[in-house]
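File shown: query-v7.cif (mmCIF, C-alpha atoms).
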data_start
#
loop_
_atom_site.label_atom_id
_atom_site.label_comp_id
_atom_site.auth_asym_id
_atom_site.auth_seq_id
_atom_site.Cartn_x
_atom_site.Cartn_y
_atom_site.Cartn_z
CA MET A 1 14.33 22.17 64.67
CA ALA A 2 12.90 19.04 66.23
CA ASP A 3 15.03 17.77 69.09
CA GLY A 4 14.41 14.11 68.43
CA ASN A 5 12.14 13.75 71.45
CA ASN A 6 9.17 15.44 69.88
CA LEU A 7 8.83 15.13 66.11
CA PHE A 8 6.18 17.86 66.09
CA ASP A 9 8.31 20.57 67.73
CA GLU A 10 8.34 22.35 64.35
CA ASP A 11 5.80 22.41 61.55
CA PRO A 12 7.53 20.66 58.60
CA GLN A 13 5.73 23.02 56.20
CA LYS A 14 7.40 26.08 57.74
CA THR A 15 10.91 25.55 56.41
CA SER A 16 13.01 28.68 56.17
CA LYS A 17 13.93 30.15 52.80
CA SER A 18 17.61 29.53 53.42
CA GLU A 19 17.00 25.86 54.10
CA LYS A 20 14.89 25.55 50.91
CA SER A 21 17.62 27.23 48.87
CA GLU A 22 20.30 25.00 50.36
CA LYS A 23 18.24 21.85 49.66
CA THR A 24 17.58 22.90 46.04
CA THR A 25 21.27 23.58 45.46
CA ASN A 26 22.28 20.24 46.94
CA ASP A 27 19.71 18.36 44.82
CA GLN A 28 20.88 20.06 41.63
CA GLN A 29 24.52 19.33 42.38
CA LYS A 30 23.70 15.68 43.03
CA GLN A 31 22.08 15.50 39.60
CA GLY A 32 25.01 17.24 37.93
CA GLN A 33 22.98 20.34 37.01
CA PRO A 34 24.10 23.96 37.35
CA GLU A 35 22.25 25.96 39.94
CA GLY A 36 19.14 27.68 38.60
CA GLU A 37 18.80 25.35 35.61
CA ARG A 38 15.56 23.43 35.43
CA SER A 39 15.51 19.68 34.92
CA PRO A 40 14.20 18.64 31.46
CA TRP A 41 11.84 16.28 33.26
CA SER A 42 10.32 19.04 35.37
CA LEU A 43 7.21 19.39 33.22
CA SER A 44 4.06 20.94 34.52
CA ARG A 45 0.87 18.90 34.31
CA ARG A 46 -0.54 21.34 31.77
CA ARG A 47 2.49 21.00 29.46
CA LEU A 48 2.47 17.24 29.79
CA ILE A 49 -1.21 16.95 28.80
CA ALA A 50 -0.85 19.46 25.95
CA GLY A 51 2.22 17.71 24.65
CA ALA A 52 0.66 14.27 24.81
CA GLY A 53 -2.27 15.54 22.74
CA ALA A 54 0.07 16.98 20.13
CA VAL A 55 1.99 13.73 19.85
CA ALA A 56 -1.21 11.69 19.55
CA ALA A 57 -2.48 13.91 16.75
CA THR A 58 0.65 13.75 14.62
CA GLY A 59 2.01 10.24 14.39
CA VAL A 60 1.04 10.22 10.73
CA VAL A 61 3.11 8.93 7.87
CA VAL A 62 3.22 11.39 4.98
CA GLY A 63 2.83 9.93 1.52
CA THR A 64 6.48 10.22 0.47
CA GLY A 65 7.67 8.31 3.48
CA ALA A 66 8.24 11.22 5.87
CA THR A 67 6.67 11.50 9.29
CA VAL A 68 5.18 14.77 10.50
CA ALA A 69 7.47 15.97 13.29
CA VAL A 70 6.28 17.41 16.58
CA GLU A 71 8.05 18.96 19.50
CA LYS A 72 8.99 16.58 22.28
CA LEU A 73 5.94 16.74 24.56
CA GLY A 74 4.99 19.92 22.66
CA GLY A 75 4.86 23.54 23.61
CA GLY A 76 8.21 24.52 25.13
CA SER A 77 10.86 26.50 23.31
CA SER A 78 13.57 24.32 24.87
CA ASN A 79 12.33 21.30 22.92
CA LYS A 80 13.13 21.80 19.26
CA SER A 81 11.16 19.99 16.59
CA THR A 82 13.15 17.89 14.14
CA PRO A 83 11.65 18.20 10.66
CA THR A 84 11.95 15.18 8.36
CA GLN A 85 13.18 15.50 4.80
CA SER A 86 11.92 13.33 1.98
CA ASN A 87 12.32 13.81 -1.77
CA GLY A 88 13.59 17.32 -1.18
CA VAL A 89 10.52 18.36 0.82
CA THR A 90 10.80 19.20 4.51
CA TYR A 91 7.93 18.33 6.82
CA GLY A 92 7.81 19.60 10.38
CA VAL A 93 6.10 21.66 13.03
CA PRO A 94 7.34 25.14 13.98
CA SER A 95 8.54 25.47 17.55
CA GLY A 96 5.73 26.10 20.02
CA GLU A 97 2.88 25.28 17.63
CA SER A 98 0.38 22.42 17.63
CA VAL A 99 -0.60 20.28 14.66
CA THR A 100 -4.21 20.39 13.55
CA ALA A 101 -3.91 18.82 10.09
CA SER A 102 -1.58 16.41 8.30
CA VAL A 103 -0.77 15.69 4.68
CA VAL A 104 -1.44 12.20 3.38
CA ARG A 105 -1.05 10.61 -0.03
CA LEU A 106 -4.12 8.84 -1.38
CA ASN A 107 -3.99 7.09 -4.73
CA VAL A 108 -7.55 7.76 -5.84
CA ASN A 109 -8.73 6.19 -9.09
CA GLY A 110 -5.12 5.79 -10.22
CA VAL A 111 -4.00 9.33 -9.42
CA ASP A 112 -1.88 10.32 -6.43
CA GLN A 113 -3.57 13.01 -4.36
CA PHE A 114 -1.72 14.83 -1.57
CA VAL A 115 -4.47 15.96 0.76
CA SER A 116 -4.42 17.97 3.99
CA VAL A 117 -6.74 16.18 6.39
CA MET A 118 -7.86 16.62 9.97
CA PRO A 119 -7.13 13.77 12.39
CA ASN A 120 -10.86 13.04 12.80
CA GLN A 121 -11.93 13.22 9.13
CA SER A 122 -13.38 10.06 7.64
CA LEU A 123 -12.32 8.86 4.22
CA ALA A 124 -15.85 9.53 2.96
CA GLU A 125 -15.61 13.18 4.05
CA VAL A 126 -12.23 13.64 2.40
CA LEU A 127 -13.38 12.06 -0.87
CA ARG A 128 -16.51 14.19 -1.02
CA GLU A 129 -15.38 17.49 0.52
CA ASN A 130 -11.66 17.68 -0.22
CA LEU A 131 -11.56 15.93 -3.59
CA GLY A 132 -15.10 16.61 -4.86
CA LEU A 133 -15.85 12.92 -5.58
CA THR A 134 -19.50 13.08 -4.60
CA GLY A 135 -20.37 9.72 -6.17
CA THR A 136 -19.48 8.29 -2.75
CA LYS A 137 -22.64 8.77 -0.71
CA THR A 138 -22.93 9.21 3.05
CA GLY A 139 -26.09 7.54 4.30
CA CYS A 140 -26.18 6.32 7.88
CA ASP A 141 -22.63 7.55 8.65
CA ARG A 142 -22.15 4.59 11.02
CA SER A 143 -21.18 1.74 8.72
CA GLU A 144 -24.62 0.14 8.41
CA CYS A 145 -26.05 1.02 4.98
CA GLY A 146 -23.08 0.53 2.64
CA ALA A 147 -23.84 3.61 0.52
CA CYS A 148 -20.29 4.92 1.09
CA THR A 149 -18.57 1.69 -0.04
CA VAL A 150 -15.26 2.18 -1.84
CA LEU A 151 -12.47 -0.23 -2.72
CA VAL A 152 -9.32 0.15 -0.62
CA ASP A 153 -6.49 -1.92 -2.09
CA GLY A 154 -9.18 -3.91 -3.88
CA VAL A 155 -11.23 -4.67 -0.76
CA PRO A 156 -14.68 -3.07 -0.24
CA HIS A 157 -14.87 -0.87 2.86
CA ASN A 158 -17.40 1.53 4.37
CA SER A 159 -15.49 4.78 3.91
CA CYS A 160 -17.53 6.59 6.58
CA SER A 161 -15.81 4.43 9.21
CA LEU A 162 -12.23 4.78 7.94
CA LEU A 163 -10.01 7.61 9.18
CA ALA A 164 -8.46 9.19 6.10
CA ILE A 165 -5.30 9.90 8.07
CA ARG A 166 -4.74 6.14 8.40
CA GLU A 167 -5.23 5.38 4.70
CA ASP A 168 -1.99 7.03 3.63
CA GLY A 169 -0.47 5.29 0.61
CA LYS A 170 -3.54 3.16 -0.08
CA SER A 171 -5.12 2.64 -3.50
CA ILE A 172 -8.74 3.77 -3.47
CA ILE A 173 -11.36 3.22 -6.17
CA THR A 174 -14.61 5.18 -6.10
CA VAL A 175 -17.56 4.89 -8.46
CA GLU A 176 -15.97 7.62 -10.61
CA GLY A 177 -13.04 5.28 -11.23
CA LEU A 178 -15.01 2.30 -12.55
CA ALA A 179 -15.47 3.66 -16.06
CA GLN A 180 -12.61 3.94 -18.57
CA GLY A 181 -13.09 7.41 -19.95
CA THR A 182 -16.61 7.44 -21.35
CA THR A 183 -16.85 3.64 -21.47
CA LEU A 184 -18.85 2.17 -18.60
CA SER A 185 -17.52 -0.87 -16.76
CA THR A 186 -19.29 -4.20 -17.17
CA VAL A 187 -20.99 -3.77 -13.79
CA GLN A 188 -22.12 -0.20 -14.53
CA LYS A 189 -23.58 -1.20 -17.89
CA ALA A 190 -25.39 -4.19 -16.33
CA PHE A 191 -26.98 -1.94 -13.69
CA MET A 192 -28.11 0.44 -16.45
CA ASP A 193 -29.55 -2.33 -18.63
CA ASN A 194 -31.34 -4.14 -15.78
CA MET A 195 -32.64 -1.11 -13.87
CA GLY A 196 -30.51 -1.99 -10.86
CA TYR A 197 -31.32 1.34 -9.28
CA GLN A 198 -34.26 3.58 -8.49
CA CYS A 199 -33.33 6.73 -6.59
CA GLY A 200 -29.66 5.89 -7.18
CA PHE A 201 -28.43 6.84 -3.71
CA CYS A 202 -27.16 3.35 -2.83
CA THR A 203 -26.14 2.45 -6.38
CA SER A 204 -22.48 3.47 -6.22
CA GLY A 205 -21.91 1.31 -3.15
CA GLN A 206 -23.79 -1.59 -4.72
CA MET A 207 -21.69 -1.41 -7.90
CA LEU A 208 -18.38 -1.27 -6.05
CA GLN A 209 -19.36 -4.22 -3.87
CA ALA A 210 -20.39 -6.15 -7.00
CA THR A 211 -17.13 -5.22 -8.74
CA ALA A 212 -15.10 -6.64 -5.83
CA LEU A 213 -17.24 -9.80 -5.80
CA LEU A 214 -16.81 -10.51 -9.52
CA LYS A 215 -13.07 -9.93 -9.29
CA SER A 216 -12.71 -12.58 -6.59
CA ASN A 217 -15.50 -14.86 -7.91
CA PRO A 218 -16.23 -14.34 -11.63
CA ASN A 219 -19.18 -16.78 -11.62
CA PRO A 220 -21.04 -16.39 -8.33
CA ASP A 221 -24.33 -18.15 -7.74
CA GLU A 222 -27.37 -16.34 -6.35
CA ALA A 223 -26.49 -17.18 -2.74
CA ALA A 224 -22.97 -15.77 -3.14
CA ILE A 225 -24.33 -12.53 -4.63
CA ARG A 226 -26.89 -12.10 -1.87
CA HIS A 227 -24.25 -12.73 0.78
CA ALA A 228 -21.74 -10.30 -0.74
CA LEU A 229 -24.29 -7.49 -1.06
CA SER A 230 -26.07 -8.15 2.23
CA GLY A 231 -24.43 -5.10 3.81
CA ASN A 232 -25.64 -2.73 1.08
CA LEU A 233 -29.15 -1.54 1.87
CA CYS A 234 -31.63 -0.19 -0.67
CA LYS A 235 -34.51 1.83 0.77
CA CYS A 236 -36.29 1.60 -2.58
CA ALA A 237 -36.22 -2.23 -2.25
CA ALA A 238 -34.82 -2.73 -5.75
CA TYR A 239 -33.14 -5.96 -4.67
CA PRO A 240 -34.52 -8.19 -7.49
CA ASN A 241 -33.13 -5.80 -10.10
CA ILE A 242 -29.80 -5.46 -8.24
CA LEU A 243 -29.49 -9.25 -8.17
CA ALA A 244 -30.32 -9.46 -11.87
CA SER A 245 -27.73 -6.77 -12.64
CA VAL A 246 -24.92 -8.62 -10.90
CA GLN A 247 -25.92 -11.89 -12.58
CA ALA A 248 -25.89 -10.16 -15.97
CA ALA A 249 -22.46 -8.65 -15.27
CA ALA A 250 -21.13 -12.10 -14.40
CA LYS A 251 -22.43 -13.52 -17.69
CA ALA A 252 -21.19 -10.62 -19.84
CA PRO A 253 -18.26 -11.31 -22.18
CA LYS A 254 -14.96 -10.60 -20.47
CA ALA A 255 -12.90 -7.89 -22.12
#
Have the structure of the file written as structure tokens, please.
Amino acid sequence: MADGNNLFDEDPQKTSKSEKSEKTTNDQQKQGQPEGERSPWSLSRRRLIAGAGAVAATGVVVGTGATVAVEKLGGGSSNKSTPTQSNGVTYGVPSGESVTASVVRLNVNGVDQFVSVMPNQSLAEVLRENLGLTGTKTGCDRSECGACTVLVDGVPHNSCSLLAIREDGKSIITVEGLAQGTTLSTVQKAFMDNMGYQCGFCTSGQMLQATALLKSNPNPDEAAIRHALSGNLCKCAAYPNILASVQAAAKAPKA
């Protein structure tokens, strides 16, 4: 041991095993822990990072009001997950497993859909791939062209830029939901009658944007129509016919 005159008489790294054992025992007793029992805060860096990722991926509200449960910091068998019950259904994560998908409730075209989605899936992907509603088109996939426009709680949004996992409980209208059975909506019929389409790729987004406009402003002037549809691009340049279609829909008799 150092004699107090020379602090470097002994290498501090070369502590005897007995001294290490004595120090560990004293520390555990100070903390009120039995000897040999590991502190719950003694997490390795690997477990901490893995657990943080699991928590980040699963803070998702399930449609019936339950939250997907995860293990505290994930991974260890000492941390038990606490499943949540709602309407008789138990949601949770088995001990030691990570979450890669979550269940959300989407009210699509008036029908509740419980869909298993990945944390990184866009709403456009879920509508097209999980639910088969291919009327929603994916054009630029970066919220520039408007082809993927849908109505979320009545407001037009580019669905390629919305995470489906965050739209739980929302009401979503796609182009398939505009018609009532076999009867076209006023906007759909106006687009048909005025050739408001050419290739048709952008048409669903145009019609949903026009539907939202006419709901908030039943009698828009030309400037209001141009402004509302300015984010919906048409590579065929059918803009005069699109404008005429929206104007005709605004003038059509209201049901």
Expand the PyMOL selection byres ((chain A and resi 112) around 12) into the explicit residue set it covers here, and present it as a PyMOL selection string.
chain A and resi 63-64+104-111+113-115+131+168-173
Which polymer residues have any atom within 12 Å of an atom of Glu125 (chain A), counting all atoms listed in the file, with same-chain residues fewer than 5 positions away left out, as a ChimeraX atom specification?
/A:115,117-120,130-139,141,148,158-165
Quick one: which region 129-222 of chain A residues come within 12 Å of region 238-253 of chain A, and what is the nearest atom pair for each with the distance in Å to one decimal, counting only C-alpha atoms, rows ordered by chain and ascending number, as a Markdown table?
| residue | atom | partner | partner_atom | distance |
| --- | --- | --- | --- | --- |
| A:Leu184 | CA | A:Ala249 | CA | 11.9 |
| A:Ser185 | CA | A:Ala249 | CA | 9.3 |
| A:Thr186 | CA | A:Ala249 | CA | 5.8 |
| A:Val187 | CA | A:Ala249 | CA | 5.3 |
| A:Gln188 | CA | A:Ala249 | CA | 8.5 |
| A:Lys189 | CA | A:Ala249 | CA | 8.0 |
| A:Ala190 | CA | A:Ser245 | CA | 5.1 |
| A:Phe191 | CA | A:Ser245 | CA | 5.0 |
| A:Met192 | CA | A:Ser245 | CA | 8.2 |
| A:Asp193 | CA | A:Ser245 | CA | 7.7 |
| A:Asn194 | CA | A:Ser245 | CA | 5.5 |
| A:Met195 | CA | A:Asn241 | CA | 6.0 |
| A:Gly196 | CA | A:Ile242 | CA | 4.4 |
| A:Tyr197 | CA | A:Ala238 | CA | 6.4 |
| A:Gln198 | CA | A:Ala238 | CA | 6.9 |
| A:Cys199 | CA | A:Ala238 | CA | 9.6 |
| A:Gly200 | CA | A:Ala238 | CA | 10.1 |
| A:Phe201 | CA | A:Ala238 | CA | 11.7 |
| A:Cys202 | CA | A:Ala238 | CA | 10.2 |
| A:Thr203 | CA | A:Ile242 | CA | 8.9 |
| A:Ser204 | CA | A:Ile242 | CA | 11.7 |
| A:Gly205 | CA | A:Ile242 | CA | 11.6 |
| A:Gln206 | CA | A:Ile242 | CA | 8.0 |
| A:Met207 | CA | A:Val246 | CA | 8.5 |
| A:Leu208 | CA | A:Val246 | CA | 11.0 |
| A:Gln209 | CA | A:Val246 | CA | 10.0 |
| A:Ala210 | CA | A:Val246 | CA | 6.5 |
| A:Thr211 | CA | A:Val246 | CA | 8.8 |
| A:Ala212 | CA | A:Val246 | CA | 11.2 |
| A:Leu213 | CA | A:Val246 | CA | 9.3 |
| A:Leu214 | CA | A:Ala250 | CA | 6.7 |
| A:Lys215 | CA | A:Ala250 | CA | 9.8 |
| A:Ser216 | CA | A:Ala250 | CA | 11.5 |
| A:Asn217 | CA | A:Ala250 | CA | 9.0 |
| A:Pro218 | CA | A:Ala250 | CA | 6.1 |
| A:Asn219 | CA | A:Ala250 | CA | 5.8 |
| A:Pro220 | CA | A:Ala250 | CA | 7.4 |
| A:Asp221 | CA | A:Gln247 | CA | 8.1 |
| A:Glu222 | CA | A:Leu243 | CA | 7.6 |
Could you tell me how far CA of Gln121 (chain A) sits from CA of Thr100 (chain A), in Å to one decimal place?
11.4 Å
As a check of understanding: the span from CA of Lys254 (chain A) to CA of Thr174 (chain A) is 21.3 Å
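For the pair CA of Cys145 (chain A) and CA of Cys234 (chain A), the interatomic distance is 8.0 Å.
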Exercise on region 240-253 of chain A, axis-aligned box with 4 Å per side, report centre and edge lengths in Å to one decimal, as JSON:
{"center_x": -26.4, "center_y": -9.5, "center_z": -14.8, "size_x": 24.3, "size_y": 16.1, "size_z": 22.7}
